[in-house]
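Here is protein-v1.cif, consisting of mmCIF, C-alpha atoms:
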```cif
data_final
loop_
_atom_site.label_atom_id
_atom_site.label_comp_id
_atom_site.auth_asym_id
_atom_site.auth_seq_id
_atom_site.Cartn_x
_atom_site.Cartn_y
_atom_site.Cartn_z
CA MET X 1102 -29.47 36.49 43.18
CA LYS X 1103 -32.24 35.49 40.82
CA ILE X 1104 -35.39 37.38 41.78
CA LEU X 1105 -38.90 36.94 40.42
CA PHE X 1106 -41.57 39.59 40.97
CA VAL X 1107 -45.20 38.53 40.56
CA HIS X 1108 -47.89 41.17 40.07
CA GLN X 1109 -50.89 41.17 37.73
CA ASN X 1110 -50.25 44.85 36.97
CA PHE X 1111 -46.44 44.86 37.20
CA PRO X 1112 -44.55 46.97 38.11
CA GLY X 1113 -47.25 48.18 40.52
CA GLN X 1114 -45.75 48.61 43.98
CA PHE X 1115 -42.40 47.29 42.66
CA ARG X 1116 -41.89 50.18 40.23
CA HIS X 1117 -38.73 51.42 41.97
CA LEU X 1118 -37.57 48.28 43.75
CA ALA X 1119 -37.33 45.89 40.80
CA PRO X 1120 -35.04 48.08 38.63
CA ALA X 1121 -32.97 49.06 41.69
CA LEU X 1122 -32.26 45.40 42.40
CA ALA X 1123 -31.35 44.84 38.75
CA LYS X 1124 -28.88 47.73 38.93
CA ARG X 1125 -27.26 46.02 41.91
CA GLY X 1126 -26.42 43.05 39.71
CA HIS X 1127 -29.30 40.72 40.49
CA HIS X 1128 -31.06 38.80 37.71
CA VAL X 1129 -34.57 40.25 37.94
CA ILE X 1130 -37.61 39.21 35.91
CA ALA X 1131 -41.36 39.56 36.38
CA LEU X 1132 -44.46 37.43 35.91
CA THR X 1133 -47.61 39.37 35.09
CA ALA X 1134 -51.02 39.03 33.47
CA GLU X 1135 -51.24 39.00 29.68
CA SER X 1136 -53.70 41.92 29.87
CA ASN X 1137 -51.20 44.19 31.66
CA GLN X 1138 -50.43 47.31 29.62
CA GLN X 1139 -47.89 48.83 32.03
CA GLN X 1140 -44.35 49.44 30.77
CA SER X 1141 -41.19 48.37 32.59
CA ALA X 1142 -37.50 47.96 31.82
CA VAL X 1143 -37.61 44.66 33.70
CA ARG X 1144 -38.12 41.67 31.42
CA SER X 1145 -41.63 40.33 31.93
CA TYR X 1146 -43.30 37.03 31.17
CA ARG X 1147 -47.07 36.71 31.03
CA TYR X 1148 -49.64 34.21 32.17
CA PRO X 1149 -53.01 33.84 30.40
CA MET X 1150 -55.95 35.57 32.00
CA PRO X 1151 -58.33 33.37 33.97
CA ASP X 1152 -61.77 32.50 32.65
CA PRO X 1153 -64.62 34.89 33.42
CA ALA X 1154 -65.44 35.26 37.10
CA PRO X 1155 -67.28 32.26 38.55
CA ASP X 1156 -71.04 32.36 38.84
CA PRO X 1157 -71.89 33.30 42.48
CA ARG X 1158 -74.97 31.09 42.25
CA GLN X 1159 -72.69 28.10 41.83
CA SER X 1160 -69.68 28.99 43.97
CA ARG X 1161 -71.66 31.04 46.52
CA LEU X 1162 -69.28 32.26 49.29
CA GLY X 1163 -66.36 30.68 47.49
CA THR X 1164 -66.64 33.03 44.51
CA THR X 1165 -63.57 35.11 45.37
CA TYR X 1166 -61.49 32.10 46.38
CA THR X 1167 -62.42 30.31 43.15
CA ALA X 1168 -61.36 33.33 41.11
CA MET X 1169 -58.10 33.73 43.05
CA THR X 1170 -57.09 30.06 42.82
CA ASP X 1171 -57.93 30.10 39.10
CA ARG X 1172 -55.50 32.98 38.66
CA ALA X 1173 -52.99 31.20 40.91
CA HIS X 1174 -53.22 28.13 38.69
CA ARG X 1175 -52.53 30.19 35.56
CA ALA X 1176 -49.57 31.88 37.20
CA ALA X 1177 -48.21 28.55 38.47
CA ARG X 1178 -48.44 26.96 35.02
CA ALA X 1179 -46.48 29.90 33.61
CA ALA X 1180 -43.95 29.48 36.42
CA LEU X 1181 -43.51 25.83 35.45
CA GLN X 1182 -42.56 26.97 31.96
CA LEU X 1183 -40.07 29.46 33.38
CA ARG X 1184 -38.54 26.62 35.36
CA ASP X 1185 -38.65 23.78 32.82
CA LYS X 1186 -38.25 25.55 29.46
CA ILE X 1187 -36.11 28.55 30.39
CA GLY X 1188 -34.34 27.02 33.37
CA PHE X 1189 -35.13 29.91 35.70
CA THR X 1190 -34.91 28.97 39.37
CA PRO X 1191 -35.26 32.06 41.58
CA ASP X 1192 -33.65 32.58 44.94
CA VAL X 1193 -36.46 34.99 45.86
CA VAL X 1194 -40.09 35.13 44.75
CA PHE X 1195 -41.81 38.39 45.71
CA GLY X 1196 -45.49 38.71 44.86
CA HIS X 1197 -48.54 40.74 45.77
CA SER X 1198 -50.99 38.67 47.81
CA GLY X 1199 -54.12 40.46 46.65
CA TRP X 1200 -54.88 38.47 43.49
CA GLY X 1201 -53.89 34.97 44.50
CA GLU X 1202 -51.01 34.68 42.02
CA THR X 1203 -48.50 33.41 44.58
CA LEU X 1204 -50.59 30.64 46.15
CA PHE X 1205 -48.99 27.68 44.33
CA LEU X 1206 -45.51 29.05 43.58
CA ARG X 1207 -43.86 27.35 46.55
CA GLU X 1208 -44.74 24.06 44.90
CA ILE X 1209 -42.79 25.12 41.82
CA TRP X 1210 -39.78 26.51 43.69
CA PRO X 1211 -39.74 25.01 47.21
CA ALA X 1212 -36.17 26.14 47.90
CA ALA X 1213 -36.80 29.81 47.13
CA ARG X 1214 -37.50 32.46 49.76
CA HIS X 1215 -41.10 33.57 49.25
CA LEU X 1216 -42.03 37.16 50.08
CA SER X 1217 -45.51 38.66 50.05
CA TYR X 1218 -46.68 42.23 49.59
CA ALA X 1219 -49.34 42.38 52.31
CA GLU X 1220 -51.40 45.40 51.30
CA PHE X 1221 -54.66 44.88 53.17
CA TYR X 1222 -56.66 42.24 55.04
CA TYR X 1223 -60.44 42.45 54.95
CA ALA X 1224 -62.44 42.56 58.18
CA THR X 1225 -66.14 42.54 58.99
CA ARG X 1226 -65.86 45.50 61.34
CA GLY X 1227 -63.48 48.29 62.26
CA LEU X 1228 -62.13 48.92 58.74
CA ASP X 1229 -63.84 49.82 55.46
CA VAL X 1230 -66.79 47.44 55.66
CA GLY X 1231 -69.71 49.12 57.41
CA PHE X 1232 -67.83 52.38 57.94
CA ASP X 1233 -70.23 54.54 55.93
CA PRO X 1234 -73.83 53.75 56.93
CA GLU X 1235 -75.11 55.37 53.74
CA PHE X 1236 -73.64 52.53 51.69
CA SER X 1237 -73.76 49.60 54.09
CA SER X 1238 -76.15 47.43 56.03
CA ASP X 1239 -76.05 45.06 58.98
CA ASP X 1240 -76.83 42.11 56.72
CA VAL X 1241 -75.02 39.13 58.23
CA ALA X 1242 -74.66 37.62 54.77
CA ARG X 1243 -72.33 40.50 53.88
CA GLN X 1244 -70.18 39.65 56.90
CA PHE X 1245 -70.01 36.03 55.79
CA SER X 1246 -68.85 37.22 52.37
CA VAL X 1247 -66.09 39.36 53.89
CA VAL X 1248 -64.80 36.44 55.96
CA ALA X 1249 -64.80 34.25 52.86
CA ARG X 1250 -62.76 36.88 51.00
CA GLN X 1251 -60.01 36.52 53.60
CA ALA X 1252 -59.21 32.98 52.48
CA HIS X 1253 -56.67 33.66 49.74
CA LEU X 1254 -55.03 36.44 51.79
CA ALA X 1255 -54.61 34.14 54.80
CA LEU X 1256 -53.22 31.34 52.64
CA ALA X 1257 -50.72 33.73 51.04
CA MET X 1258 -49.49 34.70 54.51
CA VAL X 1259 -49.18 31.05 55.53
CA GLN X 1260 -47.18 30.29 52.37
CA CYS X 1261 -44.74 33.19 52.58
CA ASP X 1262 -41.53 33.41 54.61
CA ALA X 1263 -41.93 37.14 55.21
CA ALA X 1264 -44.22 39.96 54.17
CA LEU X 1265 -44.08 43.68 53.56
CA SER X 1266 -46.71 46.37 54.23
CA PRO X 1267 -46.38 50.02 53.22
CA THR X 1268 -47.86 51.50 56.42
CA GLU X 1269 -48.33 50.55 60.05
CA TRP X 1270 -52.09 50.87 59.71
CA GLN X 1271 -52.20 48.47 56.77
CA ALA X 1272 -49.96 45.98 58.57
CA ASP X 1273 -52.26 46.12 61.57
CA SER X 1274 -55.21 45.11 59.40
CA PHE X 1275 -53.73 41.59 59.41
CA PRO X 1276 -54.52 39.16 62.25
CA PRO X 1277 -52.03 38.99 65.14
CA CYS X 1278 -50.95 35.51 64.08
CA PHE X 1279 -49.47 37.00 60.89
CA ARG X 1280 -48.30 40.34 62.22
CA ASP X 1281 -44.80 39.17 63.23
CA LYS X 1282 -44.08 38.21 59.62
CA ILE X 1283 -44.64 41.77 58.39
CA THR X 1284 -41.97 44.42 57.85
CA ILE X 1285 -43.24 47.98 57.36
CA THR X 1286 -41.68 50.06 54.60
CA HIS X 1287 -43.47 52.29 52.13
CA ASP X 1288 -42.86 51.99 48.37
CA GLY X 1289 -41.29 55.45 48.53
CA ILE X 1290 -42.03 58.96 47.29
CA ASP X 1291 -39.62 60.63 44.86
CA THR X 1292 -39.19 63.85 46.84
CA ASP X 1293 -36.31 64.96 44.59
CA ARG X 1294 -38.71 65.09 41.66
CA LEU X 1295 -41.93 65.99 43.48
CA THR X 1296 -41.03 69.46 44.72
CA PRO X 1297 -42.98 72.72 45.04
CA ASP X 1298 -42.89 74.93 41.95
CA PRO X 1299 -44.11 78.55 42.19
CA GLU X 1300 -44.10 78.72 38.36
CA ALA X 1301 -46.44 75.74 37.93
CA ARG X 1302 -49.36 75.95 35.51
CA PHE X 1303 -52.31 73.63 34.85
CA GLN X 1304 -54.57 73.88 31.82
CA LEU X 1305 -58.24 73.07 32.26
CA PRO X 1306 -60.11 71.14 29.54
CA GLY X 1307 -61.69 74.38 28.29
CA GLY X 1308 -58.30 76.01 27.83
CA ARG X 1309 -58.15 78.22 30.91
CA VAL X 1310 -54.77 78.09 32.65
CA LEU X 1311 -54.47 77.96 36.42
CA GLN X 1312 -51.21 78.86 38.08
CA ALA X 1313 -49.62 78.77 41.53
CA GLY X 1314 -51.19 81.50 43.64
CA ASP X 1315 -54.65 81.12 42.13
CA GLU X 1316 -57.54 80.13 44.36
CA VAL X 1317 -57.64 76.43 43.46
CA LEU X 1318 -59.24 73.60 45.43
CA THR X 1319 -58.30 70.08 44.33
CA TYR X 1320 -59.45 66.51 44.83
CA VAL X 1321 -57.87 63.37 43.33
CA ALA X 1322 -58.86 59.70 43.25
CA ARG X 1323 -58.37 56.84 40.81
CA ASN X 1324 -62.15 56.74 40.46
CA LEU X 1325 -64.72 59.14 41.90
CA GLU X 1326 -66.51 56.91 44.41
CA PRO X 1327 -67.66 56.81 48.06
CA TYR X 1328 -64.58 54.87 49.28
CA ARG X 1329 -62.61 58.05 48.62
CA GLY X 1330 -65.33 60.34 49.95
CA ILE X 1331 -66.43 61.98 46.70
CA HIS X 1332 -69.98 62.29 48.06
CA VAL X 1333 -68.81 64.21 51.14
CA PHE X 1334 -66.54 66.46 49.10
CA LEU X 1335 -69.23 67.33 46.53
CA ARG X 1336 -71.79 68.01 49.26
CA ALA X 1337 -69.36 70.46 50.88
CA LEU X 1338 -68.85 72.43 47.65
CA PRO X 1339 -72.02 74.59 47.50
CA ASP X 1340 -71.11 76.52 50.66
CA ILE X 1341 -67.45 76.80 49.60
CA LEU X 1342 -68.30 78.18 46.17
CA ALA X 1343 -70.81 80.61 47.68
CA ALA X 1344 -68.22 81.93 50.12
CA ARG X 1345 -65.36 82.08 47.61
CA PRO X 1346 -66.68 83.43 44.28
CA GLN X 1347 -63.22 83.32 42.65
CA ALA X 1348 -62.43 79.71 43.63
CA GLN X 1349 -61.91 77.05 40.99
CA VAL X 1350 -62.38 73.37 41.87
CA VAL X 1351 -60.51 70.66 39.95
CA ILE X 1352 -61.51 67.03 40.50
CA LEU X 1353 -59.31 64.33 38.94
CA GLY X 1354 -60.51 60.75 38.62
CA GLY X 1355 -62.31 58.27 36.42
CA ASP X 1356 -65.97 57.30 36.35
CA GLY X 1357 -65.43 53.63 37.17
CA VAL X 1358 -65.41 51.75 40.46
CA SER X 1359 -62.16 50.66 42.08
CA TYR X 1360 -63.57 49.71 45.47
CA GLY X 1361 -66.98 48.92 46.85
CA ALA X 1362 -70.26 48.66 44.98
CA ALA X 1363 -71.35 50.30 41.75
CA PRO X 1364 -74.05 52.99 41.89
CA PRO X 1365 -77.68 52.07 41.26
CA GLN X 1366 -77.27 53.45 37.73
CA GLY X 1367 -74.83 55.63 35.80
CA THR X 1368 -71.72 56.70 37.68
CA TRP X 1369 -71.19 57.88 41.23
CA LYS X 1370 -70.28 61.30 39.85
CA THR X 1371 -73.56 61.70 37.98
CA HIS X 1372 -75.42 60.22 40.94
CA PHE X 1373 -74.16 62.86 43.38
CA LEU X 1374 -74.24 65.72 40.89
CA GLY X 1375 -77.88 64.87 40.32
CA GLU X 1376 -78.45 65.10 44.05
CA LEU X 1377 -76.87 68.57 44.05
CA GLN X 1378 -78.53 69.82 40.89
CA GLY X 1379 -79.06 73.57 41.02
CA ARG X 1380 -76.75 74.01 44.02
CA LEU X 1381 -73.37 73.84 42.25
CA ASP X 1382 -71.86 76.39 39.89
CA LEU X 1383 -70.50 73.81 37.46
CA SER X 1384 -68.70 76.53 35.49
CA ARG X 1385 -66.21 76.53 38.39
CA VAL X 1386 -66.13 72.78 39.06
CA HIS X 1387 -63.92 70.98 36.55
CA PHE X 1388 -63.70 67.22 35.84
CA PRO X 1389 -60.69 66.52 33.58
CA GLY X 1390 -61.08 62.77 34.26
CA ARG X 1391 -57.88 60.76 34.43
CA VAL X 1392 -54.86 62.72 33.28
CA PRO X 1393 -51.20 61.91 32.53
CA TYR X 1394 -49.00 61.85 35.61
CA ALA X 1395 -47.22 65.08 34.64
CA GLU X 1396 -50.56 66.91 34.69
CA PHE X 1397 -51.37 65.52 38.12
CA VAL X 1398 -48.01 66.87 39.32
CA ALA X 1399 -48.71 70.28 37.81
CA LEU X 1400 -52.12 70.42 39.47
CA MET X 1401 -50.74 69.60 42.92
CA ARG X 1402 -48.20 72.39 42.53
CA VAL X 1403 -50.97 74.82 41.61
CA SER X 1404 -53.35 73.72 44.36
CA ARG X 1405 -54.01 76.15 47.20
CA VAL X 1406 -55.69 73.44 49.23
CA HIS X 1407 -56.08 69.72 48.51
CA ALA X 1408 -58.84 67.58 50.01
CA TYR X 1409 -58.13 63.90 50.64
CA LEU X 1410 -60.83 61.63 51.99
CA SER X 1411 -60.74 57.89 52.51
CA VAL X 1412 -62.69 55.34 54.46
CA PRO X 1413 -60.40 53.13 56.60
CA PHE X 1414 -58.68 51.50 53.64
CA VAL X 1415 -55.43 51.49 51.69
CA LEU X 1416 -53.74 54.92 51.70
CA SER X 1417 -53.38 56.56 48.28
CA TRP X 1418 -49.92 57.43 46.96
CA SER X 1419 -51.42 60.70 45.70
CA MET X 1420 -51.82 62.12 49.22
CA LEU X 1421 -48.15 61.58 50.03
CA GLU X 1422 -47.11 62.92 46.63
CA ALA X 1423 -49.19 66.06 47.16
CA MET X 1424 -47.53 66.63 50.53
CA SER X 1425 -44.10 66.16 48.95
CA MET X 1426 -44.96 69.00 46.57
CA GLY X 1427 -45.83 71.25 49.49
CA ALA X 1428 -49.58 71.06 49.08
CA LEU X 1429 -51.79 71.91 52.02
CA VAL X 1430 -53.66 68.65 52.54
CA ILE X 1431 -56.87 68.58 54.54
CA GLY X 1432 -57.59 64.92 55.17
CA SER X 1433 -60.27 62.77 56.72
CA ARG X 1434 -59.80 61.78 60.33
CA THR X 1435 -59.50 58.09 59.51
CA GLY X 1436 -56.76 55.66 60.53
CA PRO X 1437 -54.65 55.49 57.34
CA VAL X 1438 -54.63 59.30 57.03
CA GLU X 1439 -53.90 59.94 60.70
CA GLU X 1440 -50.74 57.85 60.44
CA VAL X 1441 -49.29 60.51 58.13
CA ILE X 1442 -51.04 63.78 58.99
CA SER X 1443 -50.99 65.27 62.47
CA ASP X 1444 -53.71 67.89 62.75
CA GLY X 1445 -52.23 71.37 62.90
CA VAL X 1446 -48.68 70.09 62.43
CA ASN X 1447 -48.28 69.04 58.78
CA GLY X 1448 -51.88 69.34 57.59
CA ARG X 1449 -55.42 69.46 58.91
CA LEU X 1450 -57.95 66.73 59.69
CA VAL X 1451 -61.74 66.74 59.53
CA ASP X 1452 -64.18 64.03 60.53
CA PHE X 1453 -65.03 62.07 57.38
CA PHE X 1454 -68.78 62.74 57.64
CA ASP X 1455 -68.63 66.39 58.81
CA ILE X 1456 -69.80 68.18 55.67
CA GLU X 1457 -70.07 71.55 57.45
CA GLY X 1458 -66.58 71.07 58.90
CA TRP X 1459 -65.16 70.37 55.42
CA SER X 1460 -66.86 73.44 54.00
CA GLU X 1461 -65.60 75.73 56.77
CA LEU X 1462 -61.98 74.54 56.81
CA LEU X 1463 -61.57 74.36 53.03
CA THR X 1464 -63.10 77.83 52.72
CA ASP X 1465 -60.71 79.23 55.30
CA ALA X 1466 -57.72 77.65 53.58
CA LEU X 1467 -58.77 79.25 50.29
CA ALA X 1468 -59.36 82.63 51.92
CA ALA X 1469 -56.20 82.86 54.03
CA PRO X 1470 -53.37 80.88 52.40
CA GLN X 1471 -50.69 82.73 54.39
CA ARG X 1472 -52.09 81.17 57.55
CA TYR X 1473 -51.11 77.73 56.30
CA HIS X 1474 -47.61 78.28 54.89
CA GLY X 1475 -46.03 76.53 57.88
CA LEU X 1476 -48.17 73.45 57.39
CA ARG X 1477 -47.14 73.24 53.74
CA ALA X 1478 -43.45 73.27 54.62
CA ALA X 1479 -43.98 70.78 57.43
CA ALA X 1480 -45.92 68.48 55.08
CA ARG X 1481 -43.02 68.27 52.65
CA GLN X 1482 -40.49 67.81 55.44
CA SER X 1483 -42.47 64.93 56.96
CA ILE X 1484 -42.51 63.12 53.63
CA ILE X 1485 -38.77 63.66 53.17
CA GLU X 1486 -38.05 62.30 56.64
CA ASN X 1487 -40.36 59.28 56.55
CA TYR X 1488 -41.18 58.35 52.95
CA ASP X 1489 -38.29 59.57 50.79
CA LEU X 1490 -37.65 57.05 48.04
CA ARG X 1491 -33.86 57.09 47.73
CA ARG X 1492 -32.72 57.94 51.24
CA VAL X 1493 -35.33 56.15 53.38
CA CYS X 1494 -37.53 53.59 51.64
CA LEU X 1495 -35.46 52.08 48.83
CA PRO X 1496 -32.51 51.07 51.05
CA ARG X 1497 -34.96 49.36 53.43
CA LEU X 1498 -36.77 47.62 50.57
CA ILE X 1499 -33.52 46.36 49.10
CA ARG X 1500 -32.45 45.07 52.51
CA PHE X 1501 -35.81 43.32 52.90
CA VAL X 1502 -35.28 41.39 49.65
CA GLU X 1503 -31.56 40.73 49.95
CA SER X 1504 -31.43 39.71 53.59
CA PRO X 1505 -31.95 35.98 54.25
CA ASP X 1506 -32.93 36.92 57.81
CA THR X 1507 -36.00 38.86 56.71
CA ALA X 1508 -38.87 37.78 58.90
#
```
With the file now loaded, output its structure as structure tokens.
Amino acid sequence: MKILFVHQNFPGQFRHLAPALAKRGHHVIALTAESNQQQSAVRSYRYPMPDPAPDPRQSRLGTTYTAMTDRAHRAARAALQLRDKIGFTPDVVFGHSGWGETLFLREIWPAARHLSYAEFYYATRGLDVGFDPEFSSDDVARQFSVVARQAHLALAMVQCDAALSPTEWQADSFPPCFRDKITITHDGIDTDRLTPDPEARFQLPGGRVLQAGDEVLTYVARNLEPYRGIHVFLRALPDILAARPQAQVVILGGDGVSYGAAPPQGTWKTHFLGELQGRLDLSRVHFPGRVPYAEFVALMRVSRVHAYLSVPFVLSWSMLEAMSMGALVIGSRTGPVEEVISDGVNGRLVDFFDIEGWSELLTDALAAPQRYHGLRAAARQSIIENYDLRRVCLPRLIRFVESPDTA
């Protein structure tokens, strides 16, 4: 078959699927944004970036939809060139619904089977919006804005023949009228590569080397922000550091904002560190920033206990990868995390807002690692059984794309 993947940051969620389909003999290409710096063996064509975001004062509640349809128009014009100048007519078009790129592609290729990666559907209540009262309000205007942001996601679901979600919880974020279109299969975790390593070492920015067996507490997020609970984690640290004078804390993540609002000024990291000024021994709290993937892997293998917090939102790959490497993950008791971690079975759970609970459980895990060996082994086994790339997820993903009965 001829298969077109559409993703502004390709390969994104298609990192393993696209090359696997090419190896099976399919003609696979990708359409992505001209600003995308990601590398892939799959041949990629690029559409020009849209104009700057529309002025909210002019587009009001239609700001997001205007931006998404602008991107959709750019992608569709590039698709026309693929069709008319290169002669590419795909049998399958598989795109991510989040950025609007797929909205007009059925008009270019009406005979193709159109698939959508359905990652998340915004809601005014019960999910991320309003979850943390510290960063939310009951302003009805905010609810109107959330409903307006659903427009391009709903249209993408109307346009597609079938959709894919990585987890049950994420699939259930979509309205019932779309739910029957969605197949659930995760992108896959490379458990053959992401294994425990008792010889692992991780070098801190100052040169100190941590190794497996050291008293290391870890936290990882793309950016250090409230959506991933950085404020709760930092507020739990003073008591942990006081109780465990040999503990080292390593926090990976950038200073930007991936989700939610920006801080009043500076970064969220500086905002919360300022709040805790004088209460944290910063000689034992390390912020390497964003690091190469190999260093993330080394850190997870060194970690004695790994904290993962998330509001009810998209589940991070990093949590599953940490579990694959046998890390002891203590996660927030929120829907996306509870789908993977069963408390006391393959990890531990703490209420998202329970700062004292986080301090106590993380301290205990640092103090008595032998007590948690069984959870570490169970964590890896659960990832192998449910999220293994080659034996579980990739065959299902390939079947989803290749099968004309996908629905």
Run through the PyMOL selection byres ((chain X and resi 1465-1470) around 12) on the given coordinates and return the selected residues as an NGL selection string. :X and (1313-1319 or 1340-1342 or 1344-1350 or 1404-1408 or 1428-1431 or 1448-1449 or 1458-1464 or 1471-1477)
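Considering all atoms listed in the file, the residue among X:Arg1302, X:Thr1435, X:Leu1450, X:Ala1362 positioned nearest to X:Ala1395 is X:Arg1302.
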One decimal, Å: what's the distance from atom CA of X:Leu1216 over to atom CA of X:Tyr1328, could you say? 28.7 Å
For the PyMOL selection byres ((chain X and resi 1169-1178) around 6), applied here, can you spell out every residue it catches as a list in words? Tyr1148, Pro1151, Tyr1166, Thr1167, Ala1168, Ala1179, Ala1180, Leu1181, Trp1200, Gly1201, Glu1202, Leu1204, Phe1205 and Leu1206 of chain X
May I have the protein, DNA and RNA residues with any atom at most 6 Å from the point (-31.5, 36.8, 36.3), counting all atoms listed in the file, written as a PDB file with C-alpha atoms, keeping the file's coordinate frame?
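Okay, this is what ended up in point_25.pdb:
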```
ATOM      1  CA  LYS X1103     -32.240  35.490  40.820  1.00  0.00           C
ATOM      2  CA  HIS X1128     -31.060  38.800  37.710  1.00  0.00           C
ATOM      3  CA  VAL X1129     -34.570  40.250  37.940  1.00  0.00           C
TER       4      VAL X1129
END
```
Residues proximal to (-55.2, 43.8, 62.2) were defined as those with any atom within 12 Å of that point in the file's coordinates, counting only C-alpha atoms. Which are they, as a ChimeraX atom specification? /X:1219-1228,1266,1269-1281,1283
Please measure the separation of atom CA of X:Leu1295 and atom CA of X:Phe1397, giving the value in Å to one decimal.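 Value for the atom CA of X:Leu1295-atom CA of X:Phe1397 distance: 10.9 Å.
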Just checking: using only C-alpha atoms, which residue out of X:Val1451, X:Ile1442, X:Ala1119, X:Val1194 ends up closest to X:Ala1479?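 That would be X:Ile1442, the residue with the smallest distance to X:Ala1479.
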Tell me which of X:Met1426, X:Val1412, X:Pro1496, X:Val1310 sits closest to X:Pro1234, counting all atoms listed in the file.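 Using all atoms listed in the file, the shortest distance to X:Pro1234 belongs to X:Val1412.
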Name the closest residue to X:Leu1377 among the candidates X:Val1398, X:Phe1334, X:Asp1298, X:Pro1157; distances are taken between atoms, counting all atoms listed in the file.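 Using all atoms listed in the file, X:Leu1377 sits closest to X:Phe1334.
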X:Phe1453 surroundings by only C-alpha atoms, 8 Å radius, close-in-sequence under 5 positions cut, as a PyMOL selection string: chain X and resi 1330+1333+1410-1412+1433-1435
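Atom pair atom CA of X:Val1415 / atom CA of X:Pro1297: separated by 25.5 Å.
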Provide stretch 1216-1230 of chain X rebuilt to N, CA and C atoms, formatted as a compact mmCIF listing (two decimals), in the frame of the given file.
```txt
# COMPACT_ATOMS: atom_id res chain seq x y z
N LEU X 1216 -41.65 35.91 49.43
CA LEU X 1216 -42.03 37.16 50.08
C LEU X 1216 -43.38 37.62 49.56
N SER X 1217 -44.17 38.23 50.43
CA SER X 1217 -45.51 38.66 50.05
C SER X 1217 -45.69 40.15 50.33
N TYR X 1218 -46.29 40.85 49.37
CA TYR X 1218 -46.68 42.23 49.59
C TYR X 1218 -48.06 42.20 50.22
N ALA X 1219 -48.11 42.49 51.52
CA ALA X 1219 -49.34 42.38 52.31
C ALA X 1219 -50.01 43.74 52.38
N GLU X 1220 -50.85 44.04 51.41
CA GLU X 1220 -51.40 45.40 51.30
C GLU X 1220 -52.57 45.65 52.23
N PHE X 1221 -53.44 44.64 52.38
CA PHE X 1221 -54.66 44.88 53.17
C PHE X 1221 -55.33 43.54 53.45
N TYR X 1222 -55.95 43.45 54.64
CA TYR X 1222 -56.66 42.24 55.04
C TYR X 1222 -58.09 42.64 55.42
N TYR X 1223 -59.04 42.07 54.73
CA TYR X 1223 -60.44 42.45 54.95
C TYR X 1223 -60.91 42.07 56.35
N ALA X 1224 -61.85 42.84 56.87
CA ALA X 1224 -62.44 42.56 58.18
C ALA X 1224 -63.91 42.93 58.15
N THR X 1225 -64.70 42.28 58.97
CA THR X 1225 -66.14 42.54 58.99
C THR X 1225 -66.49 43.82 59.75
N ARG X 1226 -65.58 44.27 60.57
CA ARG X 1226 -65.86 45.50 61.34
C ARG X 1226 -64.55 46.21 61.66
N GLY X 1227 -64.63 47.50 61.85
CA GLY X 1227 -63.48 48.29 62.26
C GLY X 1227 -62.64 48.84 61.12
N LEU X 1228 -62.89 48.41 59.88
CA LEU X 1228 -62.13 48.92 58.74
C LEU X 1228 -63.12 49.53 57.74
N ASP X 1229 -62.99 49.19 56.47
CA ASP X 1229 -63.84 49.82 55.46
C ASP X 1229 -65.28 49.32 55.48
N VAL X 1230 -65.45 48.03 55.72
CA VAL X 1230 -66.79 47.44 55.66
C VAL X 1230 -67.66 48.01 56.80
```
